[in-house]
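The file data-v1.txt contains compact mmCIF, C-alpha atoms:
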# COMPACT_ATOMS: atom_id res chain seq x y z
CA ALA U 1 -19.27 10.18 10.92
CA ALA U 2 -15.81 9.35 9.69
CA THR U 3 -13.22 7.39 11.61
CA VAL U 4 -9.99 9.30 12.14
CA VAL U 5 -6.74 7.39 11.76
CA ASN U 6 -3.20 8.69 12.02
CA ILE U 7 -0.26 8.52 9.67
CA LEU U 8 2.72 8.77 11.96
CA SER U 9 6.04 10.11 10.80
CA ASN U 10 8.02 8.10 13.33
CA SER U 11 6.13 5.44 15.25
CA SER U 12 7.09 4.41 18.76
CA VAL U 13 4.56 1.55 18.71
CA THR U 14 6.08 -1.90 19.03
CA PRO U 15 5.11 -4.01 15.99
CA THR U 16 2.90 -7.05 16.61
CA CYS U 17 4.62 -9.14 13.96
CA ALA U 18 7.94 -10.51 12.88
CA PHE U 19 9.63 -7.24 11.99
CA THR U 20 13.37 -6.98 11.56
CA SER U 21 15.63 -4.12 10.65
CA SER U 22 19.38 -3.80 10.44
CA ILE U 23 19.22 -0.03 10.98
CA VAL U 24 17.12 2.56 12.73
CA ALA U 25 16.40 5.63 10.61
CA PRO U 26 13.75 8.35 10.85
CA PHE U 27 11.17 8.56 8.11
CA ALA U 28 11.08 11.70 6.01
CA ILE U 29 8.17 14.00 6.75
CA GLY U 30 6.35 15.30 3.72
CA PRO U 31 6.05 14.05 0.16
CA PRO U 32 9.01 12.71 -1.77
CA THR U 33 10.63 15.26 -4.05
CA ILE U 34 10.64 12.98 -7.09
CA ASP U 35 7.89 11.79 -9.42
CA LEU U 36 7.00 8.17 -8.75
CA ASP U 37 5.41 5.53 -10.92
CA PRO U 38 1.79 5.01 -9.71
CA ALA U 39 2.70 1.39 -8.96
CA SER U 40 5.53 2.49 -6.65
CA THR U 41 4.43 2.58 -3.04
CA ILE U 42 6.15 3.46 0.22
CA ALA U 43 6.55 0.68 2.80
CA ASP U 44 5.31 2.63 5.84
CA THR U 45 5.69 1.38 9.43
CA GLY U 46 3.71 4.36 10.81
CA SER U 47 0.61 4.11 8.61
CA THR U 48 -2.43 2.49 10.25
CA ALA U 49 -3.83 1.18 6.93
CA ASN U 50 -2.99 0.92 3.22
CA PHE U 51 -3.66 4.31 1.59
CA CYS U 52 -3.47 4.57 -2.21
CA THR U 53 -3.53 7.36 -4.75
CA THR U 54 -6.31 7.48 -7.33
CA ASP U 55 -4.02 6.08 -10.04
CA ALA U 56 -2.59 3.18 -8.01
CA PRO U 57 -2.92 -0.22 -9.74
CA VAL U 58 -5.76 -1.80 -7.74
CA ILE U 59 -8.74 -4.02 -8.51
CA ASN U 60 -12.38 -4.01 -7.39
CA LYS U 61 -12.41 -0.25 -6.83
CA ARG U 62 -15.71 0.90 -5.34
CA PRO U 63 -17.05 3.96 -3.49
CA THR U 64 -16.57 3.54 0.24
CA LEU U 65 -19.62 3.15 2.44
CA HIS U 66 -17.63 4.35 5.45
CA PRO U 67 -15.16 7.14 4.55
CA ILE U 68 -12.29 7.66 6.93
CA ALA U 69 -10.49 10.86 7.84
CA ILE U 70 -6.71 10.52 7.86
CA ARG U 71 -4.67 12.87 10.04
CA THR U 72 -1.26 13.70 8.57
CA PRO U 73 1.91 14.45 10.57
CA ASN U 74 1.42 18.19 9.98
CA GLY U 75 -2.14 18.09 11.42
CA GLY U 76 -4.01 18.15 8.10
CA ILE U 77 -6.93 15.85 7.34
CA MET U 78 -7.41 13.79 4.16
CA MET U 79 -10.60 11.83 3.38
CA SER U 80 -10.94 8.43 1.72
CA THR U 81 -13.46 8.11 -1.11
CA HIS U 82 -13.09 4.52 -2.33
CA GLU U 83 -11.91 1.09 -1.26
CA ALA U 84 -10.17 -1.55 -3.37
CA GLU U 85 -7.75 -4.47 -3.21
CA LEU U 86 -4.14 -4.85 -4.23
CA ASP U 87 -3.95 -7.22 -7.20
CA CYS U 88 -1.61 -9.56 -5.41
CA PRO U 89 -3.37 -12.92 -4.86
CA LEU U 90 -0.43 -14.33 -2.87
CA LEU U 91 -1.19 -11.85 -0.07
CA PRO U 92 -3.90 -12.66 2.48
CA PRO U 93 -7.16 -10.71 1.94
CA ALA U 94 -6.64 -8.56 5.05
CA ALA U 95 -3.30 -7.31 3.67
CA ARG U 96 -4.78 -6.48 0.24
CA HIS U 97 -7.50 -4.06 1.43
CA VAL U 98 -6.77 -0.38 0.58
CA HIS U 99 -8.40 3.01 1.04
CA ILE U 100 -8.25 5.40 -1.94
CA VAL U 101 -7.35 8.95 -0.87
CA PRO U 102 -7.53 11.49 -3.75
CA THR U 103 -5.47 14.12 -1.90
CA LEU U 104 -2.65 11.61 -1.43
CA ALA U 105 -1.13 12.76 -4.70
CA THR U 106 2.54 11.76 -4.58
CA ALA U 107 2.76 8.12 -3.49
CA SER U 108 0.67 5.33 -2.02
CA LEU U 109 1.46 4.04 1.47
CA LEU U 110 1.54 0.35 2.33
CA SER U 111 0.94 -0.24 6.03
CA MET U 112 3.54 -2.69 7.29
CA GLY U 113 1.39 -3.09 10.43
CA GLN U 114 -1.60 -4.16 8.32
CA PHE U 115 0.61 -6.65 6.46
CA CYS U 116 2.02 -8.05 9.70
CA ASP U 117 -1.41 -8.27 11.36
CA ALA U 118 -2.54 -10.30 8.32
CA GLY U 119 0.26 -12.84 8.91
CA CYS U 120 3.05 -11.46 6.71
CA THR U 121 6.67 -11.11 7.77
CA VAL U 122 8.37 -7.85 6.83
CA SER U 123 12.14 -7.46 6.81
CA PHE U 124 14.09 -4.23 6.26
CA THR U 125 17.82 -3.87 5.55
CA THR U 126 19.77 -0.73 4.73
CA SER U 127 18.82 -1.13 1.07
CA THR U 128 15.86 -3.52 0.73
CA VAL U 129 12.43 -4.43 2.09
CA THR U 130 11.03 -7.95 1.73
CA ILE U 131 7.43 -9.03 2.45
CA LEU U 132 6.85 -12.75 2.91
CA TYR U 133 3.66 -14.76 3.36
CA ASP U 134 3.60 -18.50 3.99
CA GLY U 135 7.38 -18.51 3.62
CA LYS U 136 7.29 -17.06 0.09
CA ILE U 137 8.47 -13.62 -1.05
CA VAL U 138 5.31 -11.83 -2.16
CA LEU U 139 6.62 -8.26 -2.58
CA SER U 140 10.01 -6.65 -2.33
CA GLY U 141 11.54 -3.27 -2.88
CA HIS U 142 14.50 -1.01 -2.40
CA ARG U 143 15.44 2.08 -0.47
CA THR U 144 15.76 5.17 -2.62
CA PRO U 145 18.69 7.50 -1.97
CA THR U 146 16.59 10.62 -2.66
CA THR U 147 13.86 10.04 -0.06
CA ARG U 148 15.62 7.42 2.12
CA LEU U 149 12.30 5.53 2.11
CA TRP U 150 11.71 1.93 1.07
CA HIS U 151 9.65 1.66 -2.13
CA VAL U 152 7.74 -1.42 -3.24
CA GLN U 153 6.62 -1.84 -6.85
CA LEU U 154 3.07 -3.20 -7.00
CA PRO U 155 2.15 -5.65 -9.73
CA THR U 156 0.08 -4.15 -12.55
CA PRO U 157 -3.47 -5.55 -12.56
CA THR U 158 -4.16 -7.96 -15.35
CA PRO U 159 -6.90 -6.64 -17.64
CA SER U 160 -10.05 -8.70 -17.76
CA SER U 161 -10.53 -10.64 -20.92
CA PRO U 162 -13.62 -9.65 -22.89
CA PRO U 163 -16.27 -12.35 -23.03
CA PRO U 164 -15.91 -14.60 -26.08
CA PHE U 165 -18.21 -13.94 -29.00
CA PRO U 166 -20.91 -16.56 -29.49
CA PRO U 167 -20.03 -19.13 -32.13
CA ALA U 168 -21.01 -18.20 -35.65
CA PHE U 169 -24.07 -19.90 -36.98
CA SER U 170 -23.51 -22.08 -39.96
CA SER U 171 -26.15 -22.62 -42.56
I'd like the structure from this file rewritten - as structure tokens, please.
Amino acid sequence: AATVVNILSNSSVTPTCAFTSSIVAPFAIGPPTIDLDPASTIADTGSTANFCTTDAPVINKRPTLHPIAIRTPNGGIMMSTHEAELDCPLLPPAARHVHIVPTLATASLLSMGQFCDAGCTVSFTTSTVTILYDGKIVLSGHRTPTTRLWHVQLPTPTPSSPPPFPPAFSS
């Protein structure tokens, strides 16, 4: 049995964290109309968890043992297939956890609620979003004029180094 969570297009829930904004603007419903880099994510105040596309830059990707069903604003249902972590060691572990959703094809969603519940502070202005943890800026982004949404560029995971070859034997 899958757990159903909601992606809200305009949340009326009061945040449980330090959340500031200099404006109040509705979020666009539906996918952005531009192609995004897989590392570009949307800072989403209505998402109940971090939901990533299959090509998002994450680490430790593994099949999920407990898939979740995600209800979209238009009533559709999307299913998670994998879990992973954002490759951002300055974030607390609870903020890094993501669900991979193959039908989320356009952009990944970062849950600002999940970040705040993990101890981060999120600040929005008319043009920027800043995510702090332990007083340090961990992630930041900008508001795009096309979608009017705040986009955060995720760091690209560092490839693992291959194990060193054993030393050559000398005779």
Among listed residues U:Ala105, U:Val138, U:Ser47, U:Ile42, nearest Pro73 in chain U (using all atoms listed in the file):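 Ranking U:Ala105, U:Val138, U:Ser47, U:Ile42 by distance to Pro73 in chain U, first place goes to U:Ser47.
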With distances taken over only C-alpha atoms, which of U:Gly46, U:Gly119, U:Glu83, U:Gly75 is nearest to Ile131 in chain U?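 Among the listed residues, the smallest separation from Ile131 in chain U belongs to U:Gly119.
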Each range 21-134 of chain U residue no farther than 7 Å from range 140-159 of chain U, nearest pair in Å, all atoms listed in the file, as CSV:
residue,atom,partner,partner_atom,distance
U:Phe27,CA,U:Leu149,CA,6.8
U:Ala28,CA,U:Thr147,CA,6.9
U:Pro32,CA,U:Thr147,CA,5.8
U:Ala39,CA,U:Leu154,CA,5.0
U:Ser40,CA,U:Gln153,CA,4.5
U:Thr41,CA,U:Val152,CA,5.2
U:Ile42,CA,U:His151,CA,4.6
U:Ala43,CA,U:Trp150,CA,5.6
U:Pro57,CA,U:Thr156,CA,5.7
U:Val58,CA,U:Pro157,CA,6.5
U:Ile59,CA,U:Pro157,CA,6.8
U:Asp87,CA,U:Pro157,CA,5.6
U:Cys88,CA,U:Pro155,CA,6.9
U:Ser127,CA,U:Arg143,CA,4.9
U:Thr128,CA,U:His142,CA,4.2
U:Val129,CA,U:Gly141,CA,5.2
U:Thr130,CA,U:Ser140,CA,4.4
U:Ile131,CA,U:Ser140,CA,5.9
Can I get the selected residues back with C-alpha atoms, as a compact mmCIF listing (two decimals), in the coordinates of the input?
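Wrote it out as out_31.txt, contents follow:
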# COMPACT_ATOMS: atom_id res chain seq x y z
CA PHE U 27 11.17 8.56 8.11
CA ALA U 28 11.08 11.70 6.01
CA PRO U 32 9.01 12.71 -1.77
CA ALA U 39 2.70 1.39 -8.96
CA SER U 40 5.53 2.49 -6.65
CA THR U 41 4.43 2.58 -3.04
CA ILE U 42 6.15 3.46 0.22
CA ALA U 43 6.55 0.68 2.80
CA PRO U 57 -2.92 -0.22 -9.74
CA VAL U 58 -5.76 -1.80 -7.74
CA ILE U 59 -8.74 -4.02 -8.51
CA ASP U 87 -3.95 -7.22 -7.20
CA CYS U 88 -1.61 -9.56 -5.41
CA SER U 127 18.82 -1.13 1.07
CA THR U 128 15.86 -3.52 0.73
CA VAL U 129 12.43 -4.43 2.09
CA THR U 130 11.03 -7.95 1.73
CA ILE U 131 7.43 -9.03 2.45
Work out how far apart CA of Lys136 in chain U and CA of Thr106 in chain U are and give it in Å to one decimal.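 Taking CA of Lys136 in chain U as the start and CA of Thr106 in chain U as the end point, the length is 29.6 Å.
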Enter the distance from CA of Ala94 in chain U to CA of Thr125 in chain U, in Å, rounded to one decimal. 24.9 Å
The distance between CA of Leu110 in chain U and CA of Thr54 in chain U is 14.3 Å
Place N, CA and C atoms on range 71-98 of chain U and deliver the coordinates as a PDB file, keeping the file's coordinate frame.
ATOM      1  N   ARG U  71      -5.435  11.735   9.515  1.00  0.00           N
ATOM      2  CA  ARG U  71      -4.670  12.870  10.040  1.00  0.00           C
ATOM      3  C   ARG U  71      -3.212  12.697   9.632  1.00  0.00           C
ATOM      4  N   THR U  72      -2.645  13.731   9.028  1.00  0.00           N
ATOM      5  CA  THR U  72      -1.260  13.700   8.570  1.00  0.00           C
ATOM      6  C   THR U  72      -0.332  14.207   9.669  1.00  0.00           C
ATOM      7  N   PRO U  73       0.973  13.986   9.536  1.00  0.00           N
ATOM      8  CA  PRO U  73       1.910  14.450  10.570  1.00  0.00           C
ATOM      9  C   PRO U  73       1.852  15.966  10.808  1.00  0.00           C
ATOM     10  N   ASN U  74       1.471  16.741   9.782  1.00  0.00           N
ATOM     11  CA  ASN U  74       1.420  18.190   9.980  1.00  0.00           C
ATOM     12  C   ASN U  74       0.055  18.669  10.492  1.00  0.00           C
ATOM     13  N   GLY U  75      -0.837  17.733  10.848  1.00  0.00           N
ATOM     14  CA  GLY U  75      -2.140  18.090  11.420  1.00  0.00           C
ATOM     15  C   GLY U  75      -3.258  18.188  10.416  1.00  0.00           C
ATOM     16  N   GLY U  76      -2.965  18.080   9.126  1.00  0.00           N
ATOM     17  CA  GLY U  76      -4.010  18.150   8.100  1.00  0.00           C
ATOM     18  C   GLY U  76      -4.870  16.890   8.111  1.00  0.00           C
ATOM     19  N   ILE U  77      -6.005  16.988   7.443  1.00  0.00           N
ATOM     20  CA  ILE U  77      -6.930  15.850   7.340  1.00  0.00           C
ATOM     21  C   ILE U  77      -7.169  15.552   5.863  1.00  0.00           C
ATOM     22  N   MET U  78      -7.073  14.266   5.503  1.00  0.00           N
ATOM     23  CA  MET U  78      -7.410  13.790   4.160  1.00  0.00           C
ATOM     24  C   MET U  78      -8.557  12.792   4.309  1.00  0.00           C
ATOM     25  N   MET U  79      -9.458  12.740   3.327  1.00  0.00           N
ATOM     26  CA  MET U  79     -10.600  11.830   3.380  1.00  0.00           C
ATOM     27  C   MET U  79     -10.489  10.730   2.322  1.00  0.00           C
ATOM     28  N   SER U  80     -10.873   9.525   2.698  1.00  0.00           N
ATOM     29  CA  SER U  80     -10.940   8.430   1.720  1.00  0.00           C
ATOM     30  C   SER U  80     -12.252   8.535   0.952  1.00  0.00           C
ATOM     31  N   THR U  81     -12.242   8.080  -0.293  1.00  0.00           N
ATOM     32  CA  THR U  81     -13.460   8.110  -1.110  1.00  0.00           C
ATOM     33  C   THR U  81     -13.836   6.739  -1.645  1.00  0.00           C
ATOM     34  N   HIS U  82     -12.860   5.841  -1.768  1.00  0.00           N
ATOM     35  CA  HIS U  82     -13.090   4.520  -2.330  1.00  0.00           C
ATOM     36  C   HIS U  82     -12.319   3.475  -1.538  1.00  0.00           C
ATOM     37  N   GLU U  83     -12.663   2.219  -1.766  1.00  0.00           N
ATOM     38  CA  GLU U  83     -11.910   1.090  -1.260  1.00  0.00           C
ATOM     39  C   GLU U  83     -11.587   0.189  -2.443  1.00  0.00           C
ATOM     40  N   ALA U  84     -10.578  -0.641  -2.294  1.00  0.00           N
ATOM     41  CA  ALA U  84     -10.170  -1.550  -3.370  1.00  0.00           C
ATOM     42  C   ALA U  84      -9.262  -2.612  -2.766  1.00  0.00           C
ATOM     43  N   GLU U  85      -8.700  -3.445  -3.631  1.00  0.00           N
ATOM     44  CA  GLU U  85      -7.750  -4.470  -3.210  1.00  0.00           C
ATOM     45  C   GLU U  85      -6.502  -4.378  -4.080  1.00  0.00           C
ATOM     46  N   LEU U  86      -5.375  -4.689  -3.467  1.00  0.00           N
ATOM     47  CA  LEU U  86      -4.140  -4.850  -4.230  1.00  0.00           C
ATOM     48  C   LEU U  86      -4.297  -6.103  -5.073  1.00  0.00           C
ATOM     49  N   ASP U  87      -3.865  -6.059  -6.319  1.00  0.00           N
ATOM     50  CA  ASP U  87      -3.950  -7.220  -7.200  1.00  0.00           C
ATOM     51  C   ASP U  87      -2.736  -8.101  -6.968  1.00  0.00           C
ATOM     52  N   CYS U  88      -2.732  -8.714  -5.810  1.00  0.00           N
ATOM     53  CA  CYS U  88      -1.610  -9.560  -5.410  1.00  0.00           C
ATOM     54  C   CYS U  88      -2.197 -10.783  -4.690  1.00  0.00           C
ATOM     55  N   PRO U  89      -2.661 -11.789  -5.459  1.00  0.00           N
ATOM     56  CA  PRO U  89      -3.370 -12.920  -4.860  1.00  0.00           C
ATOM     57  C   PRO U  89      -2.559 -13.737  -3.858  1.00  0.00           C
ATOM     58  N   LEU U  90      -1.229 -13.596  -3.845  1.00  0.00           N
ATOM     59  CA  LEU U  90      -0.430 -14.330  -2.870  1.00  0.00           C
ATOM     60  C   LEU U  90      -0.499 -13.721  -1.475  1.00  0.00           C
ATOM     61  N   LEU U  91      -1.006 -12.483  -1.368  1.00  0.00           N
ATOM     62  CA  LEU U  91      -1.190 -11.850  -0.070  1.00  0.00           C
ATOM     63  C   LEU U  91      -2.520 -12.283   0.527  1.00  0.00           C
ATOM     64  N   PRO U  92      -2.613 -12.367   1.861  1.00  0.00           N
ATOM     65  CA  PRO U  92      -3.900 -12.660   2.480  1.00  0.00           C
ATOM     66  C   PRO U  92      -4.872 -11.496   2.252  1.00  0.00           C
ATOM     67  N   PRO U  93      -6.178 -11.765   2.201  1.00  0.00           N
ATOM     68  CA  PRO U  93      -7.160 -10.710   1.940  1.00  0.00           C
ATOM     69  C   PRO U  93      -7.025  -9.485   2.860  1.00  0.00           C
ATOM     70  N   ALA U  94      -6.741  -9.698   4.117  1.00  0.00           N
ATOM     71  CA  ALA U  94      -6.640  -8.560   5.050  1.00  0.00           C
ATOM     72  C   ALA U  94      -5.473  -7.637   4.706  1.00  0.00           C
ATOM     73  N   ALA U  95      -4.439  -8.144   4.065  1.00  0.00           N
ATOM     74  CA  ALA U  95      -3.300  -7.310   3.670  1.00  0.00           C
ATOM     75  C   ALA U  95      -3.586  -6.567   2.373  1.00  0.00           C
ATOM     76  N   ARG U  96      -4.500  -7.074   1.549  1.00  0.00           N
ATOM     77  CA  ARG U  96      -4.780  -6.480   0.240  1.00  0.00           C
ATOM     78  C   ARG U  96      -5.707  -5.265   0.296  1.00  0.00           C
ATOM     79  N   HIS U  97      -6.500  -5.128   1.348  1.00  0.00           N
ATOM     80  CA  HIS U  97      -7.500  -4.060   1.430  1.00  0.00           C
ATOM     81  C   HIS U  97      -6.830  -2.680   1.469  1.00  0.00           C
ATOM     82  N   VAL U  98      -7.318  -1.737   0.626  1.00  0.00           N
ATOM     83  CA  VAL U  98      -6.770  -0.380   0.580  1.00  0.00           C
ATOM     84  C   VAL U  98      -7.887   0.653   0.624  1.00  0.00           C
TER      85      VAL U  98
END
